[in-house]
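Just protein-v4.cif here, mmCIF, C-alpha atoms:
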```cif
data_upload
#
loop_
_atom_site.label_atom_id
_atom_site.label_comp_id
_atom_site.auth_asym_id
_atom_site.auth_seq_id
_atom_site.Cartn_x
_atom_site.Cartn_y
_atom_site.Cartn_z
CA MET A 125 179.14 40.98 65.69
CA THR A 126 181.82 38.38 65.03
CA SER A 127 183.24 36.90 61.86
CA ALA A 128 184.17 33.23 61.87
CA THR A 129 184.63 30.30 59.48
CA ILE A 130 183.86 26.60 59.34
CA ALA A 131 187.05 24.74 60.22
CA SER A 132 185.71 21.17 59.99
CA LEU A 133 182.53 19.17 59.28
CA TRP A 134 181.59 15.75 60.68
CA ARG A 135 178.79 13.31 59.99
CA TYR A 136 177.95 10.09 61.87
CA PRO A 137 176.01 7.71 59.59
CA VAL A 138 175.29 5.26 62.44
CA LYS A 139 174.41 6.48 65.92
CA SER A 140 177.34 6.16 68.40
CA MET A 141 179.78 4.73 65.83
CA ILE A 142 182.87 6.63 64.68
CA GLY A 143 181.84 8.89 61.80
CA GLU A 144 183.46 10.62 58.86
CA GLU A 145 184.99 14.03 58.27
CA ILE A 146 183.61 15.71 55.14
CA ASN A 147 184.30 18.81 53.05
CA ALA A 148 180.70 19.84 52.34
CA CYS A 149 177.15 18.78 53.13
CA ASP A 150 173.54 19.78 52.71
CA LEU A 151 172.03 21.04 55.94
CA THR A 152 168.36 20.10 56.34
CA GLU A 153 165.79 20.62 59.09
CA LYS A 154 167.09 17.34 60.54
CA GLY A 155 170.73 18.37 60.53
CA LEU A 156 173.53 17.35 58.17
CA LEU A 157 172.13 15.13 55.44
CA GLY A 158 172.79 11.52 56.43
CA ASP A 159 173.76 12.28 60.02
CA ARG A 160 172.51 9.50 62.33
CA ALA A 161 170.66 7.99 59.37
CA PHE A 162 170.95 4.57 61.03
CA GLY A 163 170.91 3.27 64.57
CA VAL A 164 171.37 -0.11 66.24
CA ILE A 165 168.24 -1.14 68.17
CA ASP A 166 168.47 -3.55 71.11
CA LEU A 167 165.53 -5.87 70.41
CA SER A 168 165.33 -7.02 74.04
CA SER A 169 164.45 -3.50 75.22
CA GLY A 170 163.57 -1.57 72.07
CA LYS A 171 166.14 1.05 73.08
CA LEU A 172 168.84 2.58 70.93
CA ALA A 173 172.38 1.26 71.34
CA ASN A 174 174.37 4.18 72.66
CA ALA A 175 177.92 4.81 73.84
CA LYS A 176 176.42 6.84 76.69
CA ASN A 177 175.91 3.50 78.45
CA PRO A 178 179.29 1.76 78.21
CA LEU A 179 178.16 -0.85 80.75
CA LYS A 180 175.87 -2.29 78.09
CA TRP A 181 177.67 -1.09 74.94
CA PRO A 182 181.38 -1.00 75.84
CA ASP A 183 182.67 -1.24 72.28
CA MET A 184 180.49 1.25 70.36
CA PHE A 185 183.49 3.46 69.61
CA GLN A 186 185.34 0.52 68.07
CA TYR A 187 182.88 0.49 65.15
CA ARG A 188 183.21 2.85 62.20
CA ALA A 189 180.57 3.95 59.71
CA ALA A 190 180.93 5.76 56.39
CA PHE A 191 178.67 6.21 53.39
CA THR A 192 179.71 4.41 50.22
CA GLU A 193 178.95 7.66 48.36
CA PRO A 194 177.85 11.12 49.53
CA PRO A 195 174.11 11.43 50.26
CA GLU A 196 172.11 13.66 47.92
CA LEU A 197 168.84 15.46 48.62
CA THR A 198 167.10 14.08 45.55
CA LYS A 199 168.15 10.44 46.03
CA PRO A 200 167.61 7.70 48.63
CA ILE A 201 170.21 7.51 51.40
CA PRO A 202 173.13 5.44 50.02
CA PRO A 203 174.43 2.32 51.78
CA VAL A 204 176.69 2.67 54.80
CA ARG A 205 179.82 0.58 55.23
CA ILE A 206 180.31 -0.52 58.83
CA THR A 207 183.78 -1.61 59.95
CA PHE A 208 183.77 -3.96 62.94
CA PRO A 209 186.36 -3.90 65.76
CA ASP A 210 188.09 -6.93 64.19
CA GLY A 211 188.42 -5.17 60.83
CA GLN A 212 185.63 -7.01 59.02
CA THR A 213 183.16 -4.88 57.08
CA MET A 214 179.54 -5.07 55.98
CA LEU A 215 177.10 -2.86 54.10
CA SER A 216 173.79 -1.67 55.50
CA THR A 217 172.20 -3.39 52.50
CA ASP A 218 173.61 -6.84 53.31
CA GLU A 219 170.92 -9.48 53.78
CA GLU A 220 172.63 -10.76 56.93
CA GLN A 221 173.34 -7.34 58.45
CA ASP A 222 171.36 -7.96 61.65
CA GLU A 223 172.85 -11.40 62.20
CA LYS A 224 176.37 -10.01 61.80
CA LEU A 225 175.73 -7.14 64.20
CA THR A 226 174.04 -9.46 66.72
CA GLU A 227 177.04 -11.79 66.69
CA SER A 228 179.48 -8.89 67.04
CA PHE A 229 177.66 -7.09 69.87
CA GLY A 230 176.64 -10.26 71.70
CA ARG A 231 173.08 -8.92 71.88
CA THR A 232 170.09 -9.38 69.59
CA VAL A 233 170.05 -6.15 67.61
CA GLN A 234 168.67 -4.67 64.42
CA LEU A 235 170.02 -1.92 62.16
CA ALA A 236 167.22 0.58 61.64
CA ASN A 237 166.29 4.01 60.30
CA PRO A 238 164.47 6.53 62.52
CA SER A 239 160.70 5.99 62.62
CA SER A 240 157.66 7.93 63.81
CA HIS A 241 157.87 6.12 67.15
CA ASP A 242 159.59 7.58 70.18
CA ILE A 243 163.06 6.10 70.54
CA GLN A 244 164.66 5.86 73.95
CA PHE A 245 168.30 5.54 74.90
CA GLU A 246 170.14 5.02 78.15
CA GLY A 247 173.10 6.78 79.70
CA TYR A 248 175.38 5.86 82.59
CA ILE A 249 176.78 8.30 85.13
CA PRO A 250 180.09 6.77 86.25
CA GLU A 251 180.30 5.75 89.89
CA ASP A 252 183.72 7.35 90.29
CA MET A 253 182.57 10.69 88.80
CA LYS A 254 181.72 12.44 92.06
CA GLU A 255 181.65 15.79 90.25
CA LEU A 256 178.31 14.79 88.65
CA GLU A 257 174.90 14.30 90.20
CA ASN A 258 173.72 10.73 90.88
CA PRO A 259 177.00 8.87 90.18
CA GLY A 260 176.59 5.17 89.55
CA THR A 261 173.09 5.50 88.06
CA ILE A 262 171.55 4.93 84.63
CA PHE A 263 169.11 7.41 83.08
CA THR A 264 166.71 7.07 80.14
CA ARG A 265 165.92 9.78 77.58
CA ASN A 266 163.86 10.10 74.40
CA SER A 267 165.36 11.12 71.07
CA PRO A 268 163.55 13.91 69.19
CA GLN A 269 160.76 12.34 67.14
CA GLU A 270 161.82 10.57 63.94
CA THR A 271 165.53 10.99 64.76
CA PHE A 272 168.38 9.23 66.54
CA PHE A 273 169.71 12.47 68.04
CA ASP A 274 170.17 13.09 71.76
CA ILE A 275 168.63 16.56 71.98
CA ALA A 276 168.98 18.75 68.89
CA MET A 277 169.89 18.35 65.22
CA VAL A 278 173.29 20.09 65.06
CA HIS A 279 176.18 20.05 67.53
CA ILE A 280 178.74 22.86 67.33
CA ILE A 281 182.07 23.47 69.04
CA THR A 282 184.79 26.05 68.43
CA THR A 283 188.54 25.76 68.14
CA SER A 284 188.68 28.24 71.02
CA THR A 285 186.85 25.86 73.34
CA ILE A 286 189.09 22.96 72.29
CA ASP A 287 192.22 25.03 72.94
CA THR A 288 190.89 26.24 76.30
CA LEU A 289 190.33 22.69 77.55
CA ARG A 290 193.82 21.73 76.35
CA LYS A 291 195.26 24.49 78.54
CA HIS A 292 193.32 23.24 81.57
CA ILE A 293 194.50 19.63 81.19
CA PRO A 294 197.69 19.67 79.08
CA GLU A 295 198.42 16.05 80.06
CA SER A 296 195.26 14.85 78.26
CA ARG A 297 194.72 14.35 74.53
CA ILE A 298 191.94 16.78 73.66
CA GLU A 299 190.86 16.06 70.10
CA PRO A 300 187.57 17.08 68.43
CA ARG A 301 186.49 13.48 67.88
CA ARG A 302 186.06 13.02 71.64
CA PHE A 303 183.10 15.40 71.45
CA ARG A 304 181.43 14.22 68.23
CA PRO A 305 180.67 17.66 66.76
CA ASN A 306 178.96 18.30 63.44
CA ILE A 307 180.52 21.70 62.89
CA ILE A 308 183.79 23.04 64.26
CA ILE A 309 184.02 26.83 64.01
CA HIS A 310 187.16 28.95 64.07
CA VAL A 311 186.71 32.41 65.56
CA PRO A 312 189.86 34.52 65.10
CA ASP A 313 191.51 35.81 68.29
CA ALA A 314 188.80 34.29 70.51
CA GLU A 315 189.58 32.76 73.90
CA GLY A 316 187.59 30.69 76.36
CA PHE A 317 184.35 28.74 76.08
CA ILE A 318 182.90 31.31 73.71
CA GLU A 319 179.87 29.28 72.58
CA ASN A 320 178.32 29.97 75.99
CA GLU A 321 177.63 33.51 74.77
CA TRP A 322 175.88 32.32 71.61
CA VAL A 323 172.76 30.78 73.18
CA GLY A 324 169.70 32.47 71.66
CA LYS A 325 171.71 33.89 68.75
CA VAL A 326 171.59 33.02 65.04
CA LEU A 327 174.54 31.83 62.97
CA THR A 328 174.35 32.71 59.28
CA ILE A 329 176.66 30.48 57.26
CA GLY A 330 177.86 31.57 53.83
CA GLY A 331 175.19 34.25 53.74
CA ARG A 332 172.43 31.68 53.18
CA VAL A 333 172.13 28.92 55.82
CA GLN A 334 170.92 29.82 59.32
CA LEU A 335 171.19 28.02 62.66
CA LYS A 336 169.57 29.03 65.95
CA ILE A 337 171.70 28.26 69.02
CA LEU A 338 169.43 26.54 71.54
CA GLN A 339 171.46 25.55 74.59
CA PRO A 340 174.88 24.49 75.86
CA THR A 341 175.81 20.85 75.36
CA GLN A 342 175.99 19.09 78.72
CA ARG A 343 178.68 16.44 78.46
CA CYS A 344 178.59 12.83 79.62
CA VAL A 345 180.74 9.73 79.97
CA MET A 346 181.21 9.51 76.17
CA THR A 347 183.89 12.22 76.30
CA THR A 348 186.03 9.99 78.53
CA LEU A 349 185.89 6.78 76.50
CA ALA A 350 188.67 5.27 74.42
CA GLN A 351 188.15 6.00 70.75
CA GLY A 352 190.48 4.53 68.16
CA ASP A 353 193.94 5.43 69.43
CA LEU A 354 192.56 7.90 71.98
CA PRO A 355 192.87 6.48 75.51
CA LYS A 356 190.17 6.40 78.16
CA ASP A 357 190.50 9.62 80.17
CA PRO A 358 188.08 10.53 83.01
CA ASN A 359 189.92 13.84 83.48
CA VAL A 360 188.30 15.17 80.30
CA LEU A 361 184.82 15.21 81.82
CA LYS A 362 186.07 16.21 85.26
CA SER A 363 187.76 19.28 83.79
CA ILE A 364 184.68 20.26 81.77
CA VAL A 365 182.57 20.08 84.92
CA LYS A 366 185.13 22.05 86.95
CA ASN A 367 185.85 24.76 84.37
CA ASN A 368 182.59 25.18 82.45
CA ALA A 369 179.77 23.69 84.55
CA GLY A 370 179.79 20.49 82.48
CA SER A 371 179.17 22.14 79.10
CA PHE A 372 181.31 21.86 75.99
CA GLY A 373 179.85 23.29 72.79
CA VAL A 374 176.24 24.10 71.90
CA TYR A 375 173.19 22.54 70.24
CA ALA A 376 171.44 24.26 67.36
CA SER A 377 168.31 23.94 65.24
CA VAL A 378 168.20 24.63 61.50
CA VAL A 379 166.30 27.79 60.57
CA LYS A 380 167.24 27.97 56.88
CA ASN A 381 168.43 24.98 54.83
CA GLY A 382 171.24 24.90 52.31
CA GLU A 383 174.72 23.61 51.56
CA ILE A 384 177.61 24.31 53.90
CA ARG A 385 181.29 23.67 53.33
CA ILE A 386 184.66 24.07 55.02
CA GLY A 387 185.84 27.67 54.83
CA ASP A 388 182.34 29.21 54.73
CA SER A 389 182.11 32.49 56.59
CA ILE A 390 179.85 32.68 59.62
CA HIS A 391 178.08 35.75 60.96
CA ILE A 392 176.87 35.61 64.58
CA HIS A 393 174.00 37.90 65.48
#
```

How would this structure read if it were set down as structure tokens?
Amino acid sequence: MTSATIASLWRYPVKSMIGEEINACDLTEKGLLGDRAFGVIDLSSGKLANAKNPLKWPDMFQYRAAFTEPPELTKPIPPVRITFPDGQTMLSTDEEQDEKLTESFGRTVQLANPSSHDIQFEGYIPEDMKELENPGTIFTRNSPQETFFDIAMVHIITTSTIDTLRKHIPESRIEPRRFRPNIIIHVPDAEGFIENEWVGKVLTIGGRVQLKILQPTQRCVMTTLAQGDLPKDPNVLKSIVKNNAGSFGVYASVVKNGEIRIGDSIHIH
């Protein structure tokens, strides 16, 4: 039985764009309210634009997305402000949103909400990443129905896991944003990749919200990409593969809804 607290919360209004750090959020059966509320669809293939395939979408992490006001359970999702790599901005409600995105990406795209249809996305396994299986290939996966997620609704990492990777590769800049978590948890006096031990367990947050830990998060090329002022760094993924079998953090499903906030206590059982 371990006590812990929420150290940080993150939401990503548009799939594969830089997101926003928040102080509190409603947690629903589909994750943090507003998380991956929008995605960019490649109209030539019908697939979701995704930083997992930097051959096709090399600049995804140069776009930023933030809600104009916090989403609320009882109201429609508010507009998202997207900041382009050149600093220009647009709202998700702009009449010319798709034309602006198409011009910026150099591909015919459409900003969309998740639908009842299966959405596919592609990922690239770098040719020079010999530590992984099938280097130099592209894979295709389906998002969970009516979402733009990769596998599960909530992604969790701990400060212990971040610190452990920093010790393995002190020459690299290991910052949480490389790993796009929803919840960062601080566990006092913990060491190592401690989330590995949580698979199958339940996290009770603030005595009310519950998450079921489903599986480790297998990492991909996204962790190595440049992001804002973070440089490209293949050693990040190489070290994760070498020291923790390619996993960094865990995926979770929501068992009991409710509001969560920074500083909430967490009981692991």

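Using the PyMOL selection byres ((chain A and resi 384) around 8) on the file at hand returns these residues: A:Ala148, A:Cys149, A:Asp150, A:Leu151, A:Ile329, A:Gly330, A:Val333, A:Gly382, A:Glu383, A:Arg385, A:Ile386, A:Asp388.
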
Distance query Phe263 in chain A at most 9 Å, only C-alpha atoms, self and fewer than 2 positions along chain excluded, as a PDB file with C-alpha atoms, in the coordinates of the input:
```pdb
ATOM      1  CA  PHE A 245     168.300   5.540  74.900  1.00  0.00           C
ATOM      2  CA  GLU A 246     170.140   5.020  78.150  1.00  0.00           C
ATOM      3  CA  GLY A 247     173.100   6.780  79.700  1.00  0.00           C
ATOM      4  CA  TYR A 248     175.380   5.860  82.590  1.00  0.00           C
ATOM      5  CA  ILE A 249     176.780   8.300  85.130  1.00  0.00           C
ATOM      6  CA  THR A 261     173.090   5.500  88.060  1.00  0.00           C
ATOM      7  CA  ARG A 265     165.920   9.780  77.580  1.00  0.00           C
TER       8      ARG A 265
END
```

Select, counting all atoms listed in the file, all protein, DNA and RNA residues no farther than 12 Å from (181.0, 1.5, 78.9) in file coordinates, and express the selection as a ChimeraX atom specification.
/A:173-186,246-251,262,344-351,356

Calculated over only C-alpha atoms, which of the candidates A:Glu145, A:Asp218, A:Asp274, A:Glu223 has the smallest distance to Ile243 in chain A?
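Looking at the shortest contact to Ile243 in chain A, the residue is A:Asp274.
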
Just want the 12 Å neighbourhood of Ile165 in chain A, counted on only C-alpha atoms, with same-chain residues fewer than 5 positions away dropped. Output as a ChimeraX atom specification.
/A:138-140,170-174,181,222,225-226,229,231-239,243-246,272

Could you write out that same residue set with C-alpha atoms as a PDB file, in the coordinates of the input?
```pdb
ATOM      1  CA  VAL A 138     175.290   5.260  62.440  1.00  0.00           C
ATOM      2  CA  LYS A 139     174.410   6.480  65.920  1.00  0.00           C
ATOM      3  CA  SER A 140     177.340   6.160  68.400  1.00  0.00           C
ATOM      4  CA  GLY A 170     163.570  -1.570  72.070  1.00  0.00           C
ATOM      5  CA  LYS A 171     166.140   1.050  73.080  1.00  0.00           C
ATOM      6  CA  LEU A 172     168.840   2.580  70.930  1.00  0.00           C
ATOM      7  CA  ALA A 173     172.380   1.260  71.340  1.00  0.00           C
ATOM      8  CA  ASN A 174     174.370   4.180  72.660  1.00  0.00           C
ATOM      9  CA  TRP A 181     177.670  -1.090  74.940  1.00  0.00           C
ATOM     10  CA  ASP A 222     171.360  -7.960  61.650  1.00  0.00           C
ATOM     11  CA  LEU A 225     175.730  -7.140  64.200  1.00  0.00           C
ATOM     12  CA  THR A 226     174.040  -9.460  66.720  1.00  0.00           C
ATOM     13  CA  PHE A 229     177.660  -7.090  69.870  1.00  0.00           C
ATOM     14  CA  ARG A 231     173.080  -8.920  71.880  1.00  0.00           C
ATOM     15  CA  THR A 232     170.090  -9.380  69.590  1.00  0.00           C
ATOM     16  CA  VAL A 233     170.050  -6.150  67.610  1.00  0.00           C
ATOM     17  CA  GLN A 234     168.670  -4.670  64.420  1.00  0.00           C
ATOM     18  CA  LEU A 235     170.020  -1.920  62.160  1.00  0.00           C
ATOM     19  CA  ALA A 236     167.220   0.580  61.640  1.00  0.00           C
ATOM     20  CA  ASN A 237     166.290   4.010  60.300  1.00  0.00           C
ATOM     21  CA  PRO A 238     164.470   6.530  62.520  1.00  0.00           C
ATOM     22  CA  SER A 239     160.700   5.990  62.620  1.00  0.00           C
ATOM     23  CA  ILE A 243     163.060   6.100  70.540  1.00  0.00           C
ATOM     24  CA  GLN A 244     164.660   5.860  73.950  1.00  0.00           C
ATOM     25  CA  PHE A 245     168.300   5.540  74.900  1.00  0.00           C
ATOM     26  CA  GLU A 246     170.140   5.020  78.150  1.00  0.00           C
ATOM     27  CA  PHE A 272     168.380   9.230  66.540  1.00  0.00           C
TER      28      PHE A 272
END
```

Dig up all the protein and nucleic acid residues within 12 Å of (178.6, 24.2, 75.7) in the file frame, using all atoms listed in the file, and format them as a ChimeraX atom specification.
/A:279-282,284-286,289,303,305,316-323,337-343,364-365,367-376

Coords for range 282-297 of chain A, N, CA and C atoms, as a tab-separated table (two decimals), in the first residue's frame:
```
chain	number	residue	atom	x	y	z
A	282	THR	N	5.51	8.44	-13.50
A	282	THR	CA	5.88	8.92	-12.17
A	282	THR	C	7.16	9.74	-12.23
A	283	THR	N	7.35	10.57	-11.23
A	283	THR	CA	8.59	11.33	-11.13
A	283	THR	C	9.77	10.38	-10.92
A	284	SER	N	9.52	9.24	-10.30
A	284	SER	CA	10.57	8.24	-10.11
A	284	SER	C	11.10	7.72	-11.44
A	285	THR	N	10.19	7.43	-12.36
A	285	THR	CA	10.59	6.92	-13.67
A	285	THR	C	11.35	7.99	-14.46
A	286	ILE	N	10.90	9.23	-14.38
A	286	ILE	CA	11.61	10.33	-15.04
A	286	ILE	C	13.03	10.45	-14.48
A	287	ASP	N	13.16	10.43	-13.16
A	287	ASP	CA	14.47	10.56	-12.54
A	287	ASP	C	15.39	9.38	-12.87
A	288	THR	N	14.80	8.20	-12.96
A	288	THR	CA	15.59	7.00	-13.27
A	288	THR	C	16.18	7.10	-14.67
A	289	LEU	N	15.38	7.53	-15.64
A	289	LEU	CA	15.90	7.67	-17.00
A	289	LEU	C	16.97	8.75	-17.06
A	290	ARG	N	16.80	9.82	-16.30
A	290	ARG	CA	17.82	10.88	-16.25
A	290	ARG	C	19.16	10.33	-15.77
A	291	LYS	N	19.12	9.41	-14.82
A	291	LYS	CA	20.36	8.82	-14.31
A	291	LYS	C	21.03	7.93	-15.36
A	292	HIS	N	20.21	7.26	-16.17
A	292	HIS	CA	20.76	6.39	-17.21
A	292	HIS	C	21.41	7.18	-18.34
A	293	ILE	N	20.82	8.32	-18.70
A	293	ILE	CA	21.39	9.13	-19.79
A	293	ILE	C	21.46	10.60	-19.35
A	294	PRO	N	22.41	10.90	-18.46
A	294	PRO	CA	22.51	12.26	-17.91
A	294	PRO	C	22.82	13.32	-18.97
A	295	GLU	N	23.33	12.90	-20.13
A	295	GLU	CA	23.65	13.86	-21.19
A	295	GLU	C	22.39	14.28	-21.96
A	296	SER	N	21.28	13.60	-21.77
A	296	SER	CA	20.04	13.92	-22.48
A	296	SER	C	19.12	14.78	-21.62
A	297	ARG	N	18.24	15.53	-22.29
A	297	ARG	CA	17.25	16.34	-21.58
A	297	ARG	C	15.97	15.52	-21.45
```
